[in-house]
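Structure file final.csv; described as CSV, C-alpha atoms.
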chain,number,residue,atom,x,y,z
A,122,MET,CA,-5.0,10.3,-3.8
A,123,THR,CA,-7.1,12.0,-1.1
A,124,VAL,CA,-8.5,9.9,1.7
A,125,ARG,CA,-12.3,9.9,1.8
A,126,SER,CA,-14.5,9.0,4.7
A,127,GLY,CA,-14.5,5.2,5.1
A,128,ASP,CA,-11.2,4.6,3.3
A,129,CYS,CA,-8.7,2.2,4.8
A,130,LEU,CA,-5.2,1.2,3.6
A,131,TRP,CA,-6.4,-2.3,2.9
A,132,ASP,CA,-9.1,-1.1,0.5
A,133,ILE,CA,-6.7,1.4,-1.2
A,134,ALA,CA,-4.2,-1.4,-1.8
A,135,ALA,CA,-6.8,-3.8,-3.0
A,136,ARG,CA,-8.2,-1.3,-5.5
A,137,GLU,CA,-4.7,-0.6,-6.7
A,138,LEU,CA,-3.8,-4.3,-7.2
A,139,GLY,CA,-7.1,-5.3,-8.7
A,140,PRO,CA,-9.5,-8.2,-8.2
A,141,ASP,CA,-6.9,-11.0,-8.8
A,142,ALA,CA,-4.7,-9.9,-5.9
A,143,THR,CA,-4.3,-12.4,-3.1
A,144,PRO,CA,-4.8,-11.4,0.5
A,145,ARG,CA,-1.0,-11.8,1.0
A,146,GLU,CA,-0.3,-9.3,-1.8
A,147,VAL,CA,-2.8,-6.8,-0.4
A,148,ASP,CA,-1.4,-7.2,3.1
A,149,ARG,CA,2.1,-6.4,1.8
A,150,ARG,CA,0.9,-3.5,-0.3
A,151,TRP,CA,-1.1,-1.7,2.4
A,152,ARG,CA,2.0,-1.8,4.5
A,153,ASP,CA,3.9,-0.2,1.6
A,154,TRP,CA,1.3,2.6,1.5
A,155,HIS,CA,1.7,3.2,5.2
A,156,ARG,CA,5.5,3.2,5.0
A,157,GLU,CA,5.4,5.7,2.2
A,158,ASN,CA,2.9,8.0,4.0
A,159,ALA,CA,3.8,7.5,7.6
A,160,ASP,CA,4.4,11.2,8.2
A,161,ALA,CA,0.9,12.1,6.9
A,162,ILE,CA,-0.9,9.1,8.5
A,163,GLY,CA,1.0,8.8,11.8
A,164,PRO,CA,1.8,5.7,13.7
A,165,ASP,CA,-1.6,4.1,13.6
A,166,PRO,CA,-2.2,2.8,10.0
A,167,HIS,CA,-5.9,2.1,10.9
A,168,LEU,CA,-6.6,5.8,11.5
A,169,LEU,CA,-7.0,7.6,8.2
A,170,LEU,CA,-8.5,11.0,8.3
A,171,PRO,CA,-10.6,12.3,5.4
A,172,GLY,CA,-8.8,14.9,3.4
A,173,VAL,CA,-5.3,13.6,4.0
A,174,ARG,CA,-3.3,13.3,0.7
A,175,LEU,CA,-1.4,10.0,0.2
A,176,ALA,CA,1.3,9.4,-2.3
A,177,PRO,CA,1.5,5.9,-3.9
A,178,PRO,CA,4.5,3.8,-2.8
A,179,THR,CA,7.6,4.2,-4.8
A,180,ASP,CA,9.2,0.8,-4.4
A,181,HIS,CA,10.3,-1.7,-7.0
A,182,ASP,CA,7.6,-4.2,-6.0
A,183,ALA,CA,4.8,-2.1,-7.2
A,184,PRO,CA,2.5,-3.6,-9.8
A,185,GLY,CA,3.9,-3.2,-13.3
A,186,THR,CA,7.5,-2.7,-12.3
A,187,ALA,CA,10.4,-5.0,-12.7
A,188,PRO,CA,12.3,-6.2,-9.6
A,189,ALA,CA,15.5,-4.3,-8.9
A,190,THR,CA,17.5,-7.6,-8.9
A,191,MET,CA,16.9,-11.0,-10.2
A,192,PRO,CA,16.9,-13.8,-7.6
A,193,THR,CA,19.9,-16.1,-7.7
A,194,ALA,CA,19.5,-19.9,-8.1
A,195,MET,CA,20.2,-21.9,-5.0

Go ahead and render the structure in this file as structure tokens.
Amino acid sequence: MTVRSGDCLWDIAARELGPDATPREVDRRWRDWHRENADAIGPDPHLLLPGVRLAPPTDHDAPGTAPATMPTAM
């Protein structure tokens, strides 16, 4: 995706997750977006420049993917 004027990682993550996402889920997901695109964004996740191309996070916690391992019972 290409950053447009006014975009922020929170909004990008919220759009990706959909209207039923909790604030905690969106918080976790925008951090995934920053981690995946840190080279393009830089150290300040709140400074997105229009025109920068971002790749979606490629982790196993993304929506619609199965966890890499199943939790063990305690």

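Nearest-residue note for Cys129 (chain A): choosing from A:Trp151, A:Asp141, A:Asp160, A:Val173, the minimum distance belongs to A:Trp151, counting all atoms listed in the file.
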
Contacts of Ile162 (chain A) at 12 Å or less, counting all atoms listed in the file, minus same-chain residues fewer than 4 places along, as JSON, numbers by chain? {"A": [123, 124, 129, 130, 152, 154, 155, 156, 157, 158, 166, 167, 168, 169, 170, 171, 172, 173, 174, 175, 176]}

Exercise. Closest to Glu146 (chain A) among A:Ala159, A:Thr179, A:Trp131, A:Ser126, using all atoms listed in the file?
Worked result: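 Closest residue, counting all atoms listed in the file: A:Trp131.
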
- Rounded to one decimal place, report the CA of Pro177 (chain A)-CA of Gly163 (chain A) distance in Å.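 Distance between the two atoms: 16.0 Å.
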
From CA of Val147 (chain A) to CA of Ile133 (chain A) the spacing works out at 9.1 Å

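In this structure, CA of Asp165 (chain A) sits 20.5 Å away from CA of Pro144 (chain A).
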
With distances taken over all atoms listed in the file, the candidate from A:Arg150, A:Leu138, A:Thr143, A:Asp132 nearest Pro178 (chain A) is A:Arg150
